[in-house]
$ cat my_file16.tsv   # TSV, C-alpha atoms
chain	number	residue	atom	x	y	z
A	1	MET	CA	-67.34	15.20	11.62
A	2	THR	CA	-65.29	12.01	11.83
A	3	ASP	CA	-64.31	10.67	15.26
A	4	GLN	CA	-61.12	9.16	13.82
A	5	LEU	CA	-59.11	12.40	13.80
A	6	GLU	CA	-55.94	12.09	15.83
A	7	LEU	CA	-52.92	14.38	15.83
A	8	ASN	CA	-49.84	12.74	14.29
A	9	MET	CA	-47.19	14.43	16.42
A	10	ASN	CA	-43.75	15.09	14.97
A	11	ALA	CA	-41.18	16.77	17.18
A	12	TYR	CA	-39.40	18.26	14.17
A	13	LEU	CA	-42.38	20.08	12.64
A	14	PRO	CA	-44.20	23.27	13.72
A	15	LEU	CA	-47.63	22.54	15.21
A	16	ARG	CA	-49.46	24.11	12.23
A	17	ASP	CA	-47.64	21.63	9.91
A	18	VAL	CA	-48.58	18.70	12.14
A	19	VAL	CA	-52.23	19.86	12.08
A	20	PHE	CA	-52.03	20.39	8.31
A	21	HIS	CA	-50.68	16.86	7.66
A	22	THR	CA	-53.33	15.36	9.98
A	23	LEU	CA	-56.20	17.16	8.21
A	24	ARG	CA	-54.70	16.54	4.77
A	25	GLU	CA	-54.48	12.80	5.46
A	26	ALA	CA	-58.09	12.76	6.72
A	27	ILE	CA	-59.30	14.48	3.52
A	28	LEU	CA	-57.30	12.19	1.21
A	29	LYS	CA	-58.52	9.08	3.04
A	30	GLY	CA	-62.10	10.33	2.86
A	31	GLU	CA	-62.45	10.61	6.66
A	32	LEU	CA	-63.32	14.28	6.09
A	33	LYS	CA	-65.82	14.31	3.22
A	34	PRO	CA	-66.13	16.79	0.32
A	35	GLY	CA	-68.38	19.65	1.46
A	36	GLU	CA	-67.84	18.91	5.18
A	37	ARG	CA	-67.28	22.08	7.23
A	38	LEU	CA	-63.89	22.66	8.86
A	39	MET	CA	-64.95	24.36	12.08
A	40	GLU	CA	-61.98	25.81	13.92
A	41	LEU	CA	-63.38	25.40	17.45
A	42	GLN	CA	-64.49	21.81	16.90
A	43	LEU	CA	-61.21	20.80	15.23
A	44	ALA	CA	-59.18	22.56	17.95
A	45	ALA	CA	-61.06	20.67	20.68
A	46	LYS	CA	-60.79	17.33	18.84
A	47	LEU	CA	-57.04	17.69	18.22
A	48	GLY	CA	-56.25	19.34	21.56
A	49	VAL	CA	-54.68	22.50	20.11
A	50	SER	CA	-55.56	26.20	19.94
A	51	ARG	CA	-57.45	27.73	17.01
A	52	THR	CA	-54.35	29.44	15.56
A	53	PRO	CA	-52.60	26.31	14.13
A	54	ILE	CA	-56.02	25.12	12.87
A	55	ARG	CA	-56.54	28.42	11.02
A	56	GLU	CA	-53.00	28.29	9.57
A	57	ALA	CA	-53.43	24.64	8.50
A	58	ILE	CA	-56.73	25.45	6.75
A	59	ARG	CA	-54.95	28.21	4.77
A	60	MET	CA	-52.34	25.64	3.70
A	61	LEU	CA	-55.11	23.23	2.66
A	62	GLU	CA	-56.66	26.01	0.56
A	63	LEU	CA	-53.34	26.48	-1.26
A	64	GLU	CA	-53.43	22.79	-2.19
A	65	GLY	CA	-57.04	23.02	-3.34
A	66	LEU	CA	-58.18	20.67	-0.56
A	67	ALA	CA	-60.26	23.31	1.25
A	68	VAL	CA	-62.29	26.35	0.23
A	69	THR	CA	-63.78	29.24	2.18
A	70	VAL	CA	-67.45	29.79	1.37
A	71	PRO	CA	-68.97	33.22	2.19
A	72	ARG	CA	-71.08	33.12	5.41
A	73	LYS	CA	-70.30	29.42	5.85
A	74	GLY	CA	-66.58	29.38	6.50
A	75	ALA	CA	-64.03	26.77	5.44
A	76	GLN	CA	-65.04	23.37	4.13
A	77	VAL	CA	-63.45	20.39	2.39
A	78	ALA	CA	-63.28	21.21	-1.33
A	79	LYS	CA	-65.28	19.09	-3.73
A	80	MET	CA	-63.40	17.56	-6.63
A	81	THR	CA	-64.54	19.14	-9.87
A	82	GLU	CA	-63.92	18.25	-13.51
A	83	LYS	CA	-62.73	21.81	-14.20
A	84	ASP	CA	-60.06	21.65	-11.48
A	85	LEU	CA	-58.94	18.25	-12.74
A	86	GLU	CA	-58.76	19.45	-16.36
A	87	ASP	CA	-56.83	22.59	-15.39
A	88	VAL	CA	-54.24	20.66	-13.38
A	89	LEU	CA	-53.82	17.83	-15.88
A	90	GLN	CA	-53.56	20.21	-18.86
A	91	ILE	CA	-50.50	21.75	-17.24
A	92	ARG	CA	-49.15	18.43	-16.02
A	93	ARG	CA	-49.34	16.90	-19.48
A	94	ALA	CA	-47.41	19.78	-21.05
A	95	LEU	CA	-44.75	19.76	-18.31
A	96	ASP	CA	-44.43	15.96	-18.25
A	97	GLU	CA	-43.98	15.86	-22.02
A	98	LEU	CA	-41.29	18.55	-21.77
A	99	ALA	CA	-39.58	16.74	-18.88
A	100	VAL	CA	-39.45	13.37	-20.65
A	101	SER	CA	-38.23	15.03	-23.86
A	102	LEU	CA	-35.35	16.69	-21.99
A	103	ALA	CA	-34.65	13.51	-20.00
A	104	CYS	CA	-34.38	11.56	-23.27
A	105	ASP	CA	-31.35	13.68	-24.23
A	106	ASN	CA	-29.71	13.04	-20.85
A	107	MET	CA	-30.21	9.29	-20.45
A	108	THR	CA	-27.28	7.40	-18.95
A	109	GLU	CA	-26.94	3.79	-17.78
A	110	ASP	CA	-27.06	5.02	-14.18
A	111	ILE	CA	-30.34	6.94	-14.68
A	112	LEU	CA	-31.86	4.00	-16.56
A	113	GLU	CA	-30.94	1.73	-13.67
A	114	GLN	CA	-32.60	4.13	-11.18
A	115	LEU	CA	-35.70	4.26	-13.39
A	116	HIS	CA	-35.87	0.47	-13.66
A	117	GLU	CA	-35.57	0.12	-9.87
A	118	ALA	CA	-38.36	2.71	-9.41
A	119	LEU	CA	-40.48	0.79	-11.92
A	120	LEU	CA	-40.03	-2.45	-9.96
A	121	ARG	CA	-40.76	-0.74	-6.62
A	122	PHE	CA	-44.01	0.63	-8.03
A	123	ALA	CA	-45.06	-2.78	-9.37
A	124	GLU	CA	-44.24	-4.35	-5.98
A	125	SER	CA	-46.24	-1.69	-4.09
A	126	THR	CA	-49.38	-2.44	-6.15
A	127	ARG	CA	-49.32	-5.98	-4.74
A	128	MET	CA	-49.30	-4.65	-1.16
A	129	GLY	CA	-52.54	-2.65	-1.50
A	130	ASN	CA	-51.40	0.42	0.48
A	131	VAL	CA	-52.69	3.35	-1.62
A	132	LYS	CA	-50.40	5.91	0.04
A	133	GLN	CA	-47.35	3.72	-0.68
A	134	ILE	CA	-48.51	3.13	-4.26
A	135	ALA	CA	-48.90	6.91	-4.78
A	136	GLN	CA	-45.40	7.52	-3.36
A	137	THR	CA	-43.73	4.90	-5.58
A	138	ASP	CA	-45.63	6.21	-8.61
A	139	MET	CA	-44.34	9.73	-7.89
A	140	ALA	CA	-40.82	8.36	-7.30
A	141	PHE	CA	-40.82	6.82	-10.80
A	142	HIS	CA	-41.68	10.17	-12.38
A	143	GLU	CA	-39.23	11.96	-10.08
A	144	VAL	CA	-36.30	10.09	-11.68
A	145	ILE	CA	-37.41	11.45	-15.07
A	146	TYR	CA	-37.86	14.99	-13.69
A	147	GLN	CA	-34.35	14.99	-12.21
A	148	ALA	CA	-32.92	13.62	-15.47
A	149	ALA	CA	-34.46	16.59	-17.32
A	150	ASP	CA	-31.79	18.68	-15.54
A	151	ASN	CA	-33.95	21.82	-15.35
A	152	PRO	CA	-34.44	22.97	-11.73
A	153	LYS	CA	-37.11	25.51	-12.67
A	154	LEU	CA	-39.15	22.81	-14.40
A	155	VAL	CA	-38.75	20.51	-11.37
A	156	SER	CA	-39.95	23.34	-9.10
A	157	LEU	CA	-43.10	23.81	-11.21
A	158	LEU	CA	-43.75	20.06	-11.26
A	159	ASN	CA	-43.33	19.81	-7.47
A	160	ASN	CA	-45.89	22.57	-6.97
A	161	LEU	CA	-48.27	20.82	-9.35
A	162	ARG	CA	-47.69	17.49	-7.62
A	163	GLU	CA	-49.28	18.84	-4.43
A	164	GLN	CA	-52.39	19.88	-6.38
A	165	MET	CA	-52.43	16.50	-8.14
A	166	TYR	CA	-52.07	14.37	-5.02
A	167	ARG	CA	-55.77	14.12	-4.16
A	168	TYR	CA	-56.71	13.09	-7.69
A	169	ARG	CA	-53.81	10.63	-7.80
A	170	VAL	CA	-54.94	8.95	-4.56
A	171	GLU	CA	-58.54	8.65	-5.81
A	172	TYR	CA	-57.26	7.18	-9.07
A	173	LEU	CA	-55.04	4.65	-7.29
A	174	LYS	CA	-57.88	3.40	-5.07
A	175	LYS	CA	-59.11	1.48	-8.14
A	176	ASP	CA	-56.90	-1.60	-8.38
A	177	ASP	CA	-57.96	-2.29	-11.98
A	178	VAL	CA	-55.67	0.59	-13.08
A	179	TYR	CA	-52.48	-1.07	-11.73
A	180	PRO	CA	-51.73	-3.37	-14.70
A	181	VAL	CA	-52.24	-0.43	-17.10
A	182	LEU	CA	-49.92	1.83	-15.09
A	183	ILE	CA	-47.22	-0.84	-14.84
A	184	GLU	CA	-47.41	-1.37	-18.62
A	185	GLU	CA	-47.21	2.39	-19.28
A	186	HIS	CA	-44.22	2.73	-16.95
A	187	GLU	CA	-42.49	-0.11	-18.79
A	188	LYS	CA	-43.16	1.55	-22.15
A	189	ILE	CA	-41.79	4.86	-20.88
A	190	TYR	CA	-38.68	3.07	-19.60
A	191	GLU	CA	-38.16	1.21	-22.90
A	192	GLY	CA	-38.68	4.42	-24.92
A	193	LEU	CA	-36.09	6.27	-22.83
A	194	LYS	CA	-33.70	3.34	-23.12
A	195	ARG	CA	-33.95	3.57	-26.92
A	196	LYS	CA	-33.85	7.39	-26.74
A	197	ASP	CA	-36.99	7.39	-28.89
A	198	LYS	CA	-38.16	10.88	-28.01
A	199	GLU	CA	-41.26	11.00	-30.22
A	200	THR	CA	-42.65	7.71	-28.88
A	201	VAL	CA	-41.91	8.44	-25.23
A	202	VAL	CA	-43.53	11.90	-25.40
A	203	ARG	CA	-46.67	10.33	-26.90
A	204	ILE	CA	-46.78	7.60	-24.22
A	205	VAL	CA	-46.44	10.16	-21.41
A	206	GLY	CA	-49.24	12.26	-22.95
A	207	ASN	CA	-51.52	9.21	-23.14
A	208	HIS	CA	-50.53	8.29	-19.56
A	209	VAL	CA	-51.97	11.61	-18.32
A	210	VAL	CA	-55.08	11.44	-20.55
A	211	ASN	CA	-55.92	7.92	-19.27
A	212	GLN	CA	-55.67	9.21	-15.71
A	213	GLU	CA	-57.97	12.16	-16.49
A	214	MET	CA	-60.68	9.88	-17.93
A	215	LYS	CA	-60.58	7.55	-14.91
A	216	VAL	CA	-60.76	10.38	-12.33
A	217	LYS	CA	-63.65	12.04	-14.20
A	218	ASN	CA	-65.59	8.79	-13.80
A	219	ILE	CA	-64.78	8.82	-10.06
A	220	ILE	CA	-66.00	12.44	-9.76
A	221	HIS	CA	-69.29	11.48	-11.46
A	222	GLU	CA	-69.70	8.55	-9.05
A	223	GLN	CA	-69.29	10.90	-6.06
A	224	GLU	CA	-71.82	13.50	-7.27

$ encode --input "my_file16.tsv" --output "structure tokens"
Amino acid sequence: MTDQLELNMNAYLPLRDVVFHTLREAILKGELKPGERLMELQLAAKLGVSRTPIREAIRMLELEGLAVTVPRKGAQVAKMTEKDLEDVLQIRRALDELAVSLACDNMTEDILEQLHEALLRFAESTRMGNVKQIAQTDMAFHEVIYQAADNPKLVSLLNNLREQMYRYRVEYLKKDDVYPVLIEEHEKIYEGLKRKDKETVVRIVGNHVVNQEMKVKNIIHEQE
């Protein structure tokens, strides 16, 4: 188990959430490897907490698909699988296409300005090389579209899916050769929404997700 684990204390969060965020970060950064066991006693000793918040945090990781409990072995870091990726991205593609279609009907100058600012922030973040920041600015770009769809139930579904997508998104964004493609796709989405060209923008968003799926599948094969 990695020696780099350190509790990121936050006075405003329950201890189980602090433990969860610490373990989640370690998994996403690759400090805790796929298949590595999450032993409650060892983690409790390393982080200086009791076993209860560790157990609760592991349950939360399981909900995100970042951990699995294996019979007679206990909890371990989940391996990324093609099936999981396909399942998540199938749903994401359908919901993203719906969201951008609805957003197209609701475009205003104000929303377009927000989207353009988000586009520029994403492009700027790719030059900084901080994968976490790049992932956040990428999500922020799509968030403007989700809010413009003006369907709270759809946004709720997308937020739930975003948690399950996060690990794949981070792996994808570790490859800096994808940045120019993503920036170009974001620009095309922006231009399509500006023209209110629903058919084109739905197609671009669909391709955006498919391109991501192909890249992450290659990453999964590399890690096998």

$ closest_residue --input "my_file16.tsv" --among "A:Glu25, A:Ala99, A:Tyr168, A:Leu32" --to "A:Ala148" --atoms "only C-alpha atoms"
A:Ala99

$ closest_residue --input "my_file16.tsv" --among "A:His208, A:Arg121, A:Lys215, A:Arg169" --to "A:Glu185" --atoms "all atoms listed in the file"
A:His208

$ closest_residue --input "my_file16.tsv" --among "A:Gln90, A:Ser101, A:Asn151, A:Thr69" --to "A:Met165" --atoms "only C-alpha atoms"
A:Gln90

$ closest_residue --input "my_file16.tsv" --among "A:Gly35, A:Gly74, A:Gly206, A:Pro14" --to "A:Pro53" --atoms "all atoms listed in the file"
A:Pro14

$ atom_distance --input "my_file16.tsv" --atom1 "atom CA of A:Lys132" --atom2 "atom CA of A:Lys175"
12.7 Å

$ closest_residue --input "my_file16.tsv" --among "A:Leu47, A:Leu41, A:Ala75, A:Val202" --to "A:Val19" --atoms "only C-alpha atoms"
A:Leu47

$ atom_distance --input "my_file16.tsv" --atom1 "atom CA of A:Val49" --atom2 "atom CA of A:Leu15"
8.6 Å

$ closest_residue --input "my_file16.tsv" --among "A:Met80, A:Leu5, A:Ile183, A:Leu85" --to "A:Phe122" --atoms "only C-alpha atoms"
A:Ile183
